[in-house]
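Novice: What follows is protein.cif, made up of mmCIF, C-alpha atoms:
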```
data_structure
loop_
_atom_site.label_atom_id
_atom_site.label_comp_id
_atom_site.auth_asym_id
_atom_site.auth_seq_id
_atom_site.Cartn_x
_atom_site.Cartn_y
_atom_site.Cartn_z
CA MET T 1 110.03 102.47 93.89
CA SER T 2 109.92 98.67 93.73
CA ASP T 3 112.17 98.08 90.71
CA THR T 4 113.60 94.73 91.68
CA LEU T 5 110.96 92.06 91.28
CA LYS T 6 111.40 88.48 92.30
CA LYS T 7 110.39 86.92 88.97
CA GLY T 8 108.05 83.96 89.23
CA ASN T 9 110.41 81.82 87.14
CA GLY T 10 112.76 81.57 90.08
CA MET T 11 110.13 80.30 92.50
CA THR T 12 109.42 76.63 92.99
CA HIS T 13 105.94 75.16 93.30
CA GLU T 14 106.61 74.48 96.98
CA GLU T 15 107.71 78.07 97.60
CA LYS T 16 104.54 79.39 95.94
CA ILE T 17 102.36 77.03 97.98
CA GLY T 18 104.25 78.22 101.06
CA LEU T 19 103.44 81.85 100.26
CA LEU T 20 99.78 80.98 99.84
CA GLU T 21 99.68 78.95 103.06
CA GLU T 22 101.04 82.03 104.83
CA MET T 23 98.47 84.25 103.14
CA PHE T 24 95.57 81.95 104.03
CA GLU T 25 96.96 81.33 107.52
CA ALA T 26 96.75 77.62 106.69
CA ASP T 27 99.00 75.03 108.35
CA ALA T 28 102.09 74.04 106.38
CA GLY T 29 101.44 71.13 104.05
CA THR T 30 97.66 71.54 104.00
CA LEU T 31 97.37 73.38 100.67
CA LYS T 32 97.29 71.41 97.44
CA SER T 33 96.78 72.57 93.83
CA GLY T 34 93.35 71.04 93.80
CA THR T 35 92.19 72.61 97.08
CA ALA T 36 88.90 74.44 96.51
CA LEU T 37 89.05 78.09 97.58
CA ASP T 38 85.66 77.95 99.24
CA THR T 39 87.14 75.52 101.81
CA LEU T 40 89.67 78.23 102.80
CA GLN T 41 89.32 81.72 104.28
CA TRP T 42 88.76 83.11 100.80
CA ASP T 43 87.20 86.44 101.82
CA SER T 44 87.64 90.06 100.69
CA MET T 45 90.79 90.49 102.84
CA ALA T 46 92.34 87.37 101.28
CA MET T 47 91.58 88.80 97.84
CA LEU T 48 93.31 92.07 98.72
CA SER T 49 96.27 90.14 100.14
CA LEU T 50 96.50 88.17 96.90
CA ILE T 51 96.43 91.32 94.76
CA ALA T 52 99.19 92.75 96.95
CA LEU T 53 101.23 89.54 96.81
CA VAL T 54 101.02 89.19 93.02
CA ASN T 55 101.88 92.88 92.61
CA GLU T 56 104.89 92.71 94.94
CA ARG T 57 106.36 89.33 93.98
CA PHE T 58 105.38 88.96 90.33
CA GLY T 59 104.94 92.57 89.19
CA LYS T 60 101.50 91.79 87.85
CA ARG T 61 98.15 93.49 88.25
CA LEU T 62 95.29 91.15 89.09
CA SER T 63 91.83 92.44 88.38
CA GLY T 64 88.77 91.81 90.54
CA VAL T 65 87.17 90.00 87.58
CA GLN T 66 90.09 87.56 87.37
CA ILE T 67 90.07 86.94 91.08
CA LYS T 68 86.37 86.24 91.23
CA SER T 69 86.81 83.54 88.56
CA PHE T 70 89.27 81.58 90.74
CA LYS T 71 87.90 78.32 92.13
CA THR T 72 90.97 76.37 93.23
CA VAL T 73 94.50 76.98 94.48
CA GLN T 74 95.69 75.98 90.98
CA ASP T 75 93.86 79.00 89.52
CA ILE T 76 95.96 81.22 91.78
CA LEU T 77 99.19 79.35 91.05
CA ALA T 78 98.56 79.91 87.34
CA VAL T 79 99.00 83.70 87.75
CA MET T 80 102.04 83.38 90.00
CA GLU T 81 104.38 83.42 87.00
CA MET C 1 101.07 135.21 89.47
CA SER C 2 102.09 132.59 92.08
CA CYS C 3 99.82 131.17 94.73
CA GLN C 4 99.91 129.25 97.97
CA ILE C 5 97.62 127.51 100.43
CA THR C 6 96.96 130.15 103.09
CA GLY C 7 94.87 128.05 105.46
CA VAL C 8 92.67 124.97 105.90
CA SER C 9 89.77 124.41 108.30
CA TYR C 10 87.35 121.51 108.57
CA HIS C 11 83.99 120.57 110.04
CA PHE C 12 82.28 117.30 110.94
CA PRO C 13 78.60 116.73 111.65
CA ASP C 14 77.68 116.02 115.28
CA GLN C 15 76.45 112.43 115.00
CA VAL C 16 79.00 109.64 115.34
CA LEU C 17 78.73 106.02 114.20
CA THR C 18 81.02 103.79 116.26
CA ASN C 19 82.41 100.33 115.56
CA ASP C 20 80.45 99.02 118.55
CA GLU C 21 77.19 100.11 116.92
CA LEU C 22 78.22 98.52 113.62
CA ALA C 23 79.28 95.27 115.29
CA LEU C 24 75.74 94.88 116.66
CA LEU C 25 74.43 94.87 113.08
CA TYR C 26 76.95 92.54 111.50
CA PRO C 27 77.03 89.01 112.94
CA GLY C 28 80.52 87.63 113.45
CA TRP C 29 82.09 91.10 113.48
CA THR C 30 83.44 92.83 116.58
CA ALA C 31 84.46 96.44 117.01
CA GLU C 32 88.09 95.27 117.15
CA LYS C 33 87.77 93.35 113.90
CA ILE C 34 86.35 96.39 112.11
CA PHE C 35 89.25 98.52 113.38
CA GLU C 36 91.78 95.84 112.43
CA LYS C 37 90.50 95.68 108.87
CA THR C 38 90.00 99.40 108.26
CA GLY C 39 92.03 101.40 110.77
CA ILE C 40 88.79 103.24 111.59
CA LYS C 41 87.14 103.46 115.04
CA GLN C 42 84.24 105.76 114.22
CA ARG C 43 82.91 107.97 111.51
CA TYR C 44 80.73 111.14 111.48
CA VAL C 45 77.27 111.02 109.93
CA ALA C 46 75.34 114.03 108.65
CA ALA C 47 71.86 114.54 110.08
CA LYS C 48 68.86 113.74 107.88
CA ASP C 49 68.31 117.39 106.98
CA GLU C 50 72.00 118.28 106.83
CA THR C 51 73.65 118.38 103.42
CA ALA C 52 77.21 118.57 102.16
CA GLY C 53 76.38 122.22 101.41
CA ASP C 54 75.60 122.76 105.11
CA LEU C 55 78.89 121.15 106.13
CA ALA C 56 80.66 123.26 103.53
CA GLU C 57 79.19 126.44 104.98
CA LYS C 58 80.34 125.55 108.48
CA ALA C 59 83.86 124.65 107.32
CA ALA C 60 84.13 127.96 105.42
CA ASN C 61 82.99 130.00 108.42
CA LYS C 62 85.55 128.21 110.58
CA LEU C 63 88.22 129.16 108.05
CA PHE C 64 87.17 132.82 108.00
CA ARG C 65 87.40 132.92 111.82
CA ALA C 66 90.73 131.07 111.90
CA LEU C 67 92.28 133.47 109.38
CA SER C 68 90.50 136.55 110.79
CA MET C 69 89.29 137.32 107.33
CA GLU C 70 86.11 138.70 105.86
CA PRO C 71 84.14 136.65 103.30
CA SER C 72 84.34 139.72 101.07
CA SER C 73 88.00 138.92 100.31
CA ILE C 74 86.94 135.82 98.39
CA ASP C 75 86.62 136.33 94.64
CA PHE C 76 86.09 132.70 93.63
CA LEU C 77 84.32 129.80 95.30
CA LEU C 78 85.00 126.23 94.17
CA LEU C 79 82.91 123.46 95.71
CA ALA C 80 83.84 119.81 95.21
CA THR C 81 80.99 117.47 96.05
CA GLN C 82 79.20 114.39 94.70
CA SER C 83 76.24 115.09 96.99
CA PRO C 84 75.05 118.53 95.86
CA ASP C 85 71.95 120.20 97.33
CA TYR C 86 70.33 120.16 93.86
CA TYR C 87 71.12 119.10 90.30
CA LEU C 88 70.58 122.75 89.67
CA PRO C 89 71.19 125.36 90.72
CA THR C 90 74.88 125.07 91.64
CA THR C 91 75.39 124.56 95.36
CA ALA C 92 78.38 126.93 95.27
CA CYS C 93 76.02 129.71 94.13
CA ILE C 94 73.82 129.06 97.17
CA LEU C 95 76.92 129.12 99.39
CA GLN C 96 78.00 132.47 97.93
CA HIS C 97 74.79 133.90 99.30
CA ARG C 98 74.87 132.09 102.65
CA LEU C 99 78.50 132.93 103.31
CA GLY C 100 78.14 136.60 102.46
CA ILE C 101 80.63 136.40 99.59
CA ARG C 102 80.33 139.31 97.17
CA THR C 103 78.22 139.03 94.05
CA THR C 104 81.23 139.92 91.91
CA ALA C 105 82.80 136.57 92.81
CA GLY C 106 82.74 133.45 90.64
CA ALA C 107 81.32 130.17 91.94
CA LEU C 108 81.04 126.65 90.63
CA ASP C 109 80.62 123.04 91.71
CA PHE C 110 82.76 120.24 90.41
CA ASN C 111 81.99 116.56 90.74
CA LEU C 112 84.92 114.45 91.91
CA GLY C 113 85.59 112.31 94.96
CA CYS C 114 88.87 111.20 96.42
CA SER C 115 90.94 113.06 93.82
CA ALA C 116 88.93 116.30 94.13
CA TYR C 117 91.33 118.20 96.36
CA ILE C 118 94.18 117.81 93.89
CA TYR C 119 92.00 118.88 90.98
CA GLY C 120 90.63 121.76 93.07
CA LEU C 121 94.16 123.01 93.78
CA SER C 122 94.97 122.81 90.06
CA LEU C 123 91.86 124.85 89.23
CA ALA C 124 92.66 127.40 91.95
CA LYS C 125 96.23 127.69 90.71
CA GLY C 126 94.97 128.24 87.17
CA LEU C 127 92.47 130.91 88.24
CA ILE C 128 95.18 132.79 90.09
CA ALA C 129 97.83 132.38 87.40
CA SER C 130 95.38 133.73 84.82
CA GLU C 131 94.63 136.67 87.13
CA THR C 132 90.97 135.67 87.17
CA ALA C 133 91.03 135.50 90.95
CA LYS C 134 93.21 136.41 93.92
CA ASN C 135 91.58 134.51 96.79
CA VAL C 136 90.04 131.19 95.91
CA LEU C 137 87.92 129.42 98.51
CA LEU C 138 88.15 125.71 97.72
CA ILE C 139 85.63 123.68 99.69
CA THR C 140 85.55 119.88 99.58
CA ALA C 141 82.37 118.55 101.20
CA GLU C 142 80.86 115.07 101.14
CA THR C 143 78.01 113.02 102.61
CA TYR C 144 78.54 109.51 101.21
CA THR C 145 76.69 108.10 104.23
CA LYS C 146 73.45 109.29 102.66
CA HIS C 147 74.00 106.89 99.75
CA ILE C 148 75.06 103.89 101.84
CA HIS C 149 72.77 100.98 102.73
CA PRO C 150 72.83 100.32 106.50
CA MET C 151 73.49 96.63 105.90
CA ASP C 152 76.40 97.11 103.51
CA LYS C 153 79.39 96.71 105.79
CA SER C 154 81.83 96.94 102.88
CA VAL C 155 81.24 100.69 102.69
CA ARG C 156 79.47 101.58 105.93
CA THR C 157 82.59 100.74 107.92
CA ILE C 158 84.76 102.92 105.68
CA PHE C 159 83.09 106.19 104.76
CA GLY C 160 82.35 109.20 106.95
CA ASP C 161 80.94 112.66 106.27
CA GLY C 162 82.85 115.91 106.53
CA ALA C 163 83.93 119.11 104.85
CA ALA C 164 87.11 121.14 104.56
CA ALA C 165 87.62 124.73 103.43
CA THR C 166 90.96 125.81 101.95
CA LEU C 167 92.04 129.31 101.02
CA VAL C 168 94.36 129.50 98.02
CA SER C 169 95.74 133.03 97.58
CA THR C 170 98.23 134.98 95.55
CA ALA C 171 101.78 134.76 96.87
CA ASP C 172 105.25 136.07 96.10
CA SER C 173 106.64 132.60 95.48
CA SER C 174 105.03 129.42 94.30
CA GLY C 175 103.52 127.35 97.07
CA ILE C 176 101.74 124.95 94.72
CA GLY C 177 103.88 122.91 92.34
CA GLN C 178 103.24 121.00 89.14
CA PHE C 179 100.45 118.47 88.83
CA VAL C 180 100.22 114.91 87.60
CA LEU C 181 96.62 114.01 86.78
CA GLY C 182 94.95 110.90 85.42
CA THR C 183 91.59 109.45 84.49
CA ASP C 184 90.34 105.99 83.62
CA GLY C 185 86.63 105.95 82.91
CA SER C 186 86.70 102.23 82.14
CA GLY C 187 86.50 101.81 85.91
CA TYR C 188 83.43 104.04 86.26
CA ASP C 189 81.29 101.27 87.72
CA LYS C 190 83.77 100.24 90.40
CA LEU C 191 82.64 103.00 92.77
CA ILE C 192 79.17 104.18 91.87
CA VAL C 193 75.66 105.08 92.91
CA PRO C 194 73.94 103.53 89.87
CA SER C 195 70.60 105.38 90.06
CA GLY C 196 69.70 109.00 90.68
CA GLY C 197 71.34 110.55 87.68
CA LEU C 198 69.78 110.70 84.25
CA ARG C 199 71.31 107.43 83.06
CA LEU C 200 69.04 105.49 85.47
CA CYS C 201 66.28 107.38 87.24
CA PRO C 202 65.27 106.18 90.71
CA SER C 203 62.23 103.88 90.61
CA ALA C 204 60.62 101.00 92.45
CA ASP C 205 62.97 98.73 90.48
CA THR C 206 66.15 100.57 91.44
CA ALA C 207 65.08 100.35 95.08
CA ILE C 208 65.02 96.55 95.03
CA GLU C 209 67.55 95.25 97.55
CA THR C 210 69.92 92.43 96.75
CA LEU C 211 72.35 90.44 98.87
CA ASP C 212 75.87 90.01 97.45
CA ASP C 213 78.29 87.09 97.92
CA SER C 214 79.86 88.78 100.93
CA GLY C 215 76.53 89.16 102.72
CA ASN C 216 76.12 92.87 102.01
CA THR C 217 72.75 94.35 101.10
CA ARG C 218 72.28 97.22 98.68
CA SER C 219 70.05 98.46 95.89
CA GLN C 220 70.89 100.47 92.80
CA ASP C 221 70.04 103.57 94.82
CA ASN C 222 72.99 102.85 97.11
CA LEU C 223 76.74 103.33 96.89
CA PHE C 224 78.57 100.32 95.50
CA MET C 225 82.34 99.89 95.78
CA ASP C 226 84.26 96.98 94.25
CA GLY C 227 86.99 96.89 96.88
CA THR C 228 89.25 94.43 95.10
CA GLU C 229 89.17 96.37 91.83
CA ILE C 230 89.74 99.69 93.56
CA PHE C 231 92.68 98.20 95.47
CA SER C 232 94.11 96.69 92.30
CA PHE C 233 93.77 100.05 90.50
CA THR C 234 95.28 102.01 93.37
CA ILE C 235 98.38 99.89 93.85
CA ALA C 236 99.00 99.87 90.11
CA THR C 237 98.57 103.64 89.77
CA VAL C 238 99.75 105.42 92.89
CA PRO C 239 103.43 104.40 93.10
CA ARG C 240 103.90 105.38 89.46
CA THR C 241 102.11 108.69 90.09
CA VAL C 242 104.39 109.49 93.03
CA LYS C 243 107.43 108.91 90.81
CA GLU C 244 106.02 111.05 87.99
CA THR C 245 105.14 113.86 90.39
CA LEU C 246 108.69 113.96 91.75
CA GLU C 247 110.05 114.10 88.19
CA LYS C 248 107.65 116.81 87.10
CA ASN C 249 108.58 118.92 90.12
CA GLN C 250 112.28 118.12 89.73
CA LEU C 251 112.47 116.71 93.21
CA THR C 252 113.65 113.50 94.85
CA MET C 253 111.98 111.45 97.60
CA GLU C 254 114.45 112.98 100.05
CA ASN C 255 113.23 116.50 99.19
CA ILE C 256 109.70 115.65 100.34
CA ASP C 257 109.16 116.30 104.05
CA LEU C 258 105.69 114.82 104.30
CA PHE C 259 103.36 112.67 102.22
CA VAL C 260 99.63 113.12 102.64
CA PHE C 261 97.70 110.54 100.65
CA HIS C 262 93.93 110.34 100.40
CA GLN C 263 93.00 108.71 103.72
CA ALA C 264 91.22 105.69 102.24
CA ASN C 265 91.78 102.84 104.70
CA GLN C 266 94.65 101.40 106.72
CA TYR C 267 95.34 98.32 104.59
CA MET C 268 95.67 100.27 101.36
CA LEU C 269 97.76 103.03 102.92
CA ASP C 270 100.14 100.57 104.62
CA PHE C 271 100.68 98.79 101.32
CA LEU C 272 101.24 102.02 99.41
CA ARG C 273 103.65 103.42 101.99
CA LYS C 274 105.80 100.30 101.81
CA LYS C 275 105.59 100.05 98.04
CA CYS C 276 106.60 103.69 97.60
CA LYS C 277 109.33 103.21 100.22
CA ILE C 278 108.16 106.15 102.33
CA PRO C 279 109.49 106.08 105.89
CA GLN C 280 106.72 105.98 108.50
CA PRO C 281 107.43 109.41 110.10
CA LYS C 282 107.00 111.07 106.68
CA PHE C 283 103.70 109.34 105.92
CA TYR C 284 100.77 111.10 107.53
CA MET C 285 97.74 109.07 108.60
CA ASN C 286 95.03 110.48 110.84
CA PHE C 287 91.57 109.22 110.06
CA ALA C 288 90.71 106.64 112.75
CA ASP C 289 88.07 108.96 114.21
CA CYS C 290 86.47 110.11 110.96
CA GLY C 291 86.97 107.39 108.36
CA ASN C 292 87.29 108.01 104.64
CA THR C 293 85.85 111.49 104.07
CA VAL C 294 86.36 111.31 100.29
CA SER C 295 87.24 114.76 98.88
CA ALA C 296 87.75 116.23 102.36
CA SER C 297 90.24 113.59 103.48
CA ILE C 298 93.45 115.24 102.25
CA PRO C 299 92.72 118.79 103.52
CA ILE C 300 91.48 117.43 106.88
CA ALA C 301 94.76 115.51 107.21
CA LEU C 302 96.73 118.64 106.27
CA ALA C 303 94.92 120.75 108.88
CA ARG C 304 95.51 118.07 111.52
CA ALA C 305 99.16 117.70 110.57
CA GLU C 306 99.58 121.41 111.13
CA GLN C 307 97.64 121.31 114.40
CA ASP C 308 99.70 118.47 115.84
CA GLY C 309 103.02 119.97 114.75
CA THR C 310 103.90 117.39 112.09
CA LEU C 311 103.52 119.95 109.34
CA LYS C 312 105.54 123.15 109.65
CA ARG C 313 105.84 126.22 107.43
CA GLY C 314 108.36 125.73 104.65
CA MET C 315 107.89 121.96 104.41
CA LYS C 316 107.42 120.31 101.03
CA VAL C 317 104.36 118.07 101.08
CA MET C 318 103.30 115.63 98.39
CA LEU C 319 99.53 115.27 98.14
CA VAL C 320 98.09 112.24 96.33
CA GLY C 321 94.40 111.67 95.65
CA PHE C 322 92.92 108.56 93.96
CA GLY C 323 89.56 106.88 93.63
CA VAL C 324 86.13 107.24 92.15
CA GLY C 325 86.01 107.94 88.42
CA LEU C 326 88.45 106.39 88.26
CA SER C 327 90.45 109.51 88.82
CA TRP C 328 93.78 110.40 90.37
CA GLY C 329 96.15 113.29 90.85
CA ALA C 330 99.14 114.48 92.80
CA THR C 331 101.15 117.61 93.42
CA VAL C 332 103.76 119.02 95.74
CA VAL C 333 102.91 122.02 97.90
CA THR C 334 105.23 124.16 99.96
CA TRP C 335 103.38 124.85 103.18
#
```
For the structure just supplied, provide its representation as structure tokens.
Specialist:
Amino acid sequence: MSDTLKKGNGMTHEEKIGLLEEMFEADAGTLKSGTALDTLQWDSMAMLSLIALVNERFGKRLSGVQIKSFKTVQDILAVME
Amino acid sequence: MSCQITGVSYHFPDQVLTNDELALLYPGWTAEKIFEKTGIKQRYVAAKDETAGDLAEKAANKLFRALSMEPSSIDFLLLATQSPDYYLPTTACILQHRLGIRTTAGALDFNLGCSAYIYGLSLAKGLIASETAKNVLLITAETYTKHIHPMDKSVRTIFGDGAAATLVSTADSSGIGQFVLGTDGSGYDKLIVPSGGLRLCPSADTAIETLDDSGNTRSQDNLFMDGTEIFSFTIATVPRTVKETLEKNQLTMENIDLFVFHQANQYMLDFLRKKCKIPQPKFYMNFADCGNTVSASIPIALARAEQDGTLKRGMKVMLVGFGVGLSWGATVVTW
């Protein structure tokens, strides 16, 4: 099973933004902390991808309730710890 | 007294709902997009007057023919369904009569979805071990399409109807291993038909349709699934359950020849396979033509795996079911 987790502490802000740009299929450099999620492809598939990403990279479980409360990229970055 | 799975047969209704037909209903969606997101090309839909009980009967008769056996050999009938013919009487009792099973047999329904097959095997094993029965007919039959709103693409693209009949019989050596089971009722409303039971009776109010943020229409009379919560639950629960099941059966990953998970949807299964580090050839997926058939999904996959040669006698197979309830379970069977 996935015992080795890449702990969020080791990841820089830029690396996290990079992961999210990949997830949202956004061009490099376009995502900022303040970017509103409703300006991105923030659909049900993106939400599943985020749950998967946070599980894999940060060993955390994100609930649907948490996810639905997210408004900006910063809200997502806050759980990538 | 030990037991084993002697045979599995399955039955689908005649009517098919294709991605092309769905794409016509959902603007901005193509047949390819639906397949890309779900791994499903089509699903079977029960006729208006066709119930899960009818599908169950057909699956059971197919099994009797396949095994060249008489219904009179059956001394216990277990039916898993969340779409029974009636609240009461028990649909399994009706099936006893329709299948020509003897009146000295036991029969009961149990209400579970995607985890039902695992629970059904555990019940069958218990009945045989306690010498209450020798030949248990375990039928898993479902018609979720009857609860789904036509304009709810979140579930209409996923679920299909179908039934499977499994014979669990006494055996000289154990063909059904130890079980890991789990329940989390705090997630009861993440996969639910809110009305229709006694908590909320159907009314003009429950029939009121609403549009959700994703553009899906449903009323309280329809199936609702919170996809993100179910996904979150599944990926948190299943890998741990696989590990626990290996431990309980004193086996390692290498000892397992085949993994048959509940055939939910492509995205979830791909994630789980990678997370559990299961090599592709050992991870059975075969549901593109029938979709998520709920309690029938695991036995249908088993029957197909045997048909296409993937599953051979003597193989150790881990079965993992997870979903509505929330409920989950896993075991290892020796085929």
Novice: Name every residue that the PyMOL selection byres ((chain T) within 10 of (chain C)) selects in this structure, writing the answer as a list in words with chains first and numbers rising.
Specialist: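 For this structure, the PyMOL selection byres ((chain T) within 10 of (chain C)) resolves to Met1, Ser2, Asp43, Ser44, Met45, Ala46, Met47, Leu48, Ser49, Leu50, Ile51, Ala52, Asn55, Glu56, Gly59, Lys60, Arg61, Leu62, Ser63, Gly64, Val65, Gln66, Ile67 and Lys68 of chain T.
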Novice: Can you work out the spacing between CA of Glu25 in chain T and CA of Thr72 in chain T in Å, to one decimal?
Specialist: 16.3 Å
Novice: Record the distance separating CA of Pro194 in chain C and CA of Asn265 in chain C, expressed in Å with one decimal.
Specialist: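 Separating CA of Pro194 in chain C from CA of Asn265 in chain C is a distance of 23.2 Å.
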Novice: Go through T:Thr39, T:Val73, T:Met11, T:Ala26 one by one, measure the shortest atom-to-atom distance of each to Arg57 in chain T using only C-alpha atoms, and give the residue with the smallest value.
Specialist: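 Residue with the minimum atom-to-atom distance to Arg57 in chain T: T:Met11.
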Novice: When you draw a straight line from CA of Gly160 in chain C to CA of Ala296 in chain C, how long is it in Å?
Specialist: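 Calculated distance between CA of Gly160 in chain C and CA of Ala296 in chain C is 10.0 Å.
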Novice: Please write the residues picked by the PyMOL selection byres ((chain C and resi 323) around 8) on this file as a ChimeraX atom specification.
Specialist: /C:113-115,191,230,234,321-322,324-328
Novice: Exactly which residues make up the result of the PyMOL selection byres ((chain C and resi 161) around 12) on this file, given as a PDB file with C-alpha atoms, in the frame of the given file?
Specialist:
```pdb
ATOM      1  CA  TYR C  10      87.350 121.510 108.570  1.00  0.00           C
ATOM      2  CA  HIS C  11      83.990 120.570 110.040  1.00  0.00           C
ATOM      3  CA  PHE C  12      82.280 117.300 110.940  1.00  0.00           C
ATOM      4  CA  PRO C  13      78.600 116.730 111.650  1.00  0.00           C
ATOM      5  CA  ASP C  14      77.680 116.020 115.280  1.00  0.00           C
ATOM      6  CA  GLN C  15      76.450 112.430 115.000  1.00  0.00           C
ATOM      7  CA  VAL C  16      79.000 109.640 115.340  1.00  0.00           C
ATOM      8  CA  LEU C  17      78.730 106.020 114.200  1.00  0.00           C
ATOM      9  CA  GLN C  42      84.240 105.760 114.220  1.00  0.00           C
ATOM     10  CA  ARG C  43      82.910 107.970 111.510  1.00  0.00           C
ATOM     11  CA  TYR C  44      80.730 111.140 111.480  1.00  0.00           C
ATOM     12  CA  VAL C  45      77.270 111.020 109.930  1.00  0.00           C
ATOM     13  CA  ALA C  46      75.340 114.030 108.650  1.00  0.00           C
ATOM     14  CA  ALA C  47      71.860 114.540 110.080  1.00  0.00           C
ATOM     15  CA  GLU C  50      72.000 118.280 106.830  1.00  0.00           C
ATOM     16  CA  THR C  51      73.650 118.380 103.420  1.00  0.00           C
ATOM     17  CA  ALA C  52      77.210 118.570 102.160  1.00  0.00           C
ATOM     18  CA  GLY C  53      76.380 122.220 101.410  1.00  0.00           C
ATOM     19  CA  ASP C  54      75.600 122.760 105.110  1.00  0.00           C
ATOM     20  CA  LEU C  55      78.890 121.150 106.130  1.00  0.00           C
ATOM     21  CA  ALA C  56      80.660 123.260 103.530  1.00  0.00           C
ATOM     22  CA  THR C  81      80.990 117.470  96.050  1.00  0.00           C
ATOM     23  CA  GLN C  82      79.200 114.390  94.700  1.00  0.00           C
ATOM     24  CA  SER C  83      76.240 115.090  96.990  1.00  0.00           C
ATOM     25  CA  THR C 140      85.550 119.880  99.580  1.00  0.00           C
ATOM     26  CA  ALA C 141      82.370 118.550 101.200  1.00  0.00           C
ATOM     27  CA  GLU C 142      80.860 115.070 101.140  1.00  0.00           C
ATOM     28  CA  THR C 143      78.010 113.020 102.610  1.00  0.00           C
ATOM     29  CA  TYR C 144      78.540 109.510 101.210  1.00  0.00           C
ATOM     30  CA  THR C 145      76.690 108.100 104.230  1.00  0.00           C
ATOM     31  CA  LYS C 146      73.450 109.290 102.660  1.00  0.00           C
ATOM     32  CA  HIS C 147      74.000 106.890  99.750  1.00  0.00           C
ATOM     33  CA  ILE C 148      75.060 103.890 101.840  1.00  0.00           C
ATOM     34  CA  ARG C 156      79.470 101.580 105.930  1.00  0.00           C
ATOM     35  CA  ILE C 158      84.760 102.920 105.680  1.00  0.00           C
ATOM     36  CA  PHE C 159      83.090 106.190 104.760  1.00  0.00           C
ATOM     37  CA  GLY C 160      82.350 109.200 106.950  1.00  0.00           C
ATOM     38  CA  GLY C 162      82.850 115.910 106.530  1.00  0.00           C
ATOM     39  CA  ALA C 163      83.930 119.110 104.850  1.00  0.00           C
ATOM     40  CA  ALA C 164      87.110 121.140 104.560  1.00  0.00           C
ATOM     41  CA  PHE C 287      91.570 109.220 110.060  1.00  0.00           C
ATOM     42  CA  ASP C 289      88.070 108.960 114.210  1.00  0.00           C
ATOM     43  CA  CYS C 290      86.470 110.110 110.960  1.00  0.00           C
ATOM     44  CA  GLY C 291      86.970 107.390 108.360  1.00  0.00           C
ATOM     45  CA  ASN C 292      87.290 108.010 104.640  1.00  0.00           C
ATOM     46  CA  THR C 293      85.850 111.490 104.070  1.00  0.00           C
ATOM     47  CA  VAL C 294      86.360 111.310 100.290  1.00  0.00           C
ATOM     48  CA  SER C 295      87.240 114.760  98.880  1.00  0.00           C
ATOM     49  CA  ALA C 296      87.750 116.230 102.360  1.00  0.00           C
ATOM     50  CA  SER C 297      90.240 113.590 103.480  1.00  0.00           C
ATOM     51  CA  ILE C 300      91.480 117.430 106.880  1.00  0.00           C
TER      52      ILE C 300
END
```
Novice: Name the residues in contact with Ile76 in chain T at a cut-off of 12 Å, using only C-alpha atoms, excluding same-chain residues fewer than 5 positions from it; report them as a list in words.
Specialist: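 Final neighbour list, sorted by chain and number: His13, Lys16, Ile17, Leu19, Leu20, Leu31, Lys32, Ser33, Gly34, Thr35, Ala36, Leu37, Trp42, Ala46, Met47, Leu50, Ile51, Leu53, Val54, Leu62, Gln66, Ile67, Lys68, Ser69, Phe70, Lys71 and Glu81 of chain T.
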Novice: Report as a PyMOL selection string all protein, DNA and RNA residues lying within 10 Å of Ala23 in chain C, evaluated on all atoms listed in the file, omitting residues in the same chain fewer than 3 positions from it.
Specialist: chain C and resi 18-20+26-34+153+157
Novice: Nearest residue to Thr252 in chain C out of C:Gln307, C:Cys3, C:Val332, C:Phe224, using all atoms listed in the file?
Specialist: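 Among the listed residues, C:Val332 lies closest to Thr252 in chain C.
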Novice: Taking 6 positions as the minimum chain separation for residues in the same chain, which residues sit within 6 Å of Thr217 in chain C when counting all atoms listed in the file? Answer as a PDB file with C-alpha atoms, in the frame of the given file.
Specialist:
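Output below, filename out_19.pdb:
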```
ATOM      1  CA  MET C 151      73.490  96.630 105.900  1.00  0.00           C
ATOM      2  CA  ASP C 152      76.400  97.110 103.510  1.00  0.00           C
ATOM      3  CA  THR C 210      69.920  92.430  96.750  1.00  0.00           C
ATOM      4  CA  LEU C 211      72.350  90.440  98.870  1.00  0.00           C
TER       5      LEU C 211
END
```
Novice: Find the residue from C:Gln280, C:Thr170, C:Gln220, C:Gln250 that sits nearest to Arg199 in chain C; use only C-alpha atoms when measuring.
Specialist: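 The closest residue to Arg199 in chain C is C:Gln220.
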Novice: With a distance cut-off of 10 Å and all atoms listed in the file, select the neighbouring residues of Leu137 in chain C, excluding the residue or stretch itself and same-chain residues fewer than 5 positions from it, and output the selection as number ranges by chain.
Specialist: C: 7-8, 60, 63, 71, 73-79, 107, 120, 124, 165-169
Novice: Tell me which residues come within 10 Å of (93.9, 114.2, 81.9), as a compact mmCIF listing (two decimals) with C-alpha atoms, in the coordinates of the input, counting all atoms listed in the file in the file's coordinates.
Specialist:
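File written: result_33.txt
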```
# COMPACT_ATOMS: atom_id res chain seq x y z
CA VAL C 180 100.22 114.91 87.60
CA LEU C 181 96.62 114.01 86.78
CA GLY C 182 94.95 110.90 85.42
CA THR C 183 91.59 109.45 84.49
CA ASP C 184 90.34 105.99 83.62
CA SER C 327 90.45 109.51 88.82
CA TRP C 328 93.78 110.40 90.37
CA GLY C 329 96.15 113.29 90.85
```
Novice: Counting all atoms listed in the file, find residues at most 8 Å from (105.8, 127.5, 96.4) (file frame) and give them as an MDAnalysis selection string.
Specialist: chainID C and resid 2:4 173:177 333:335
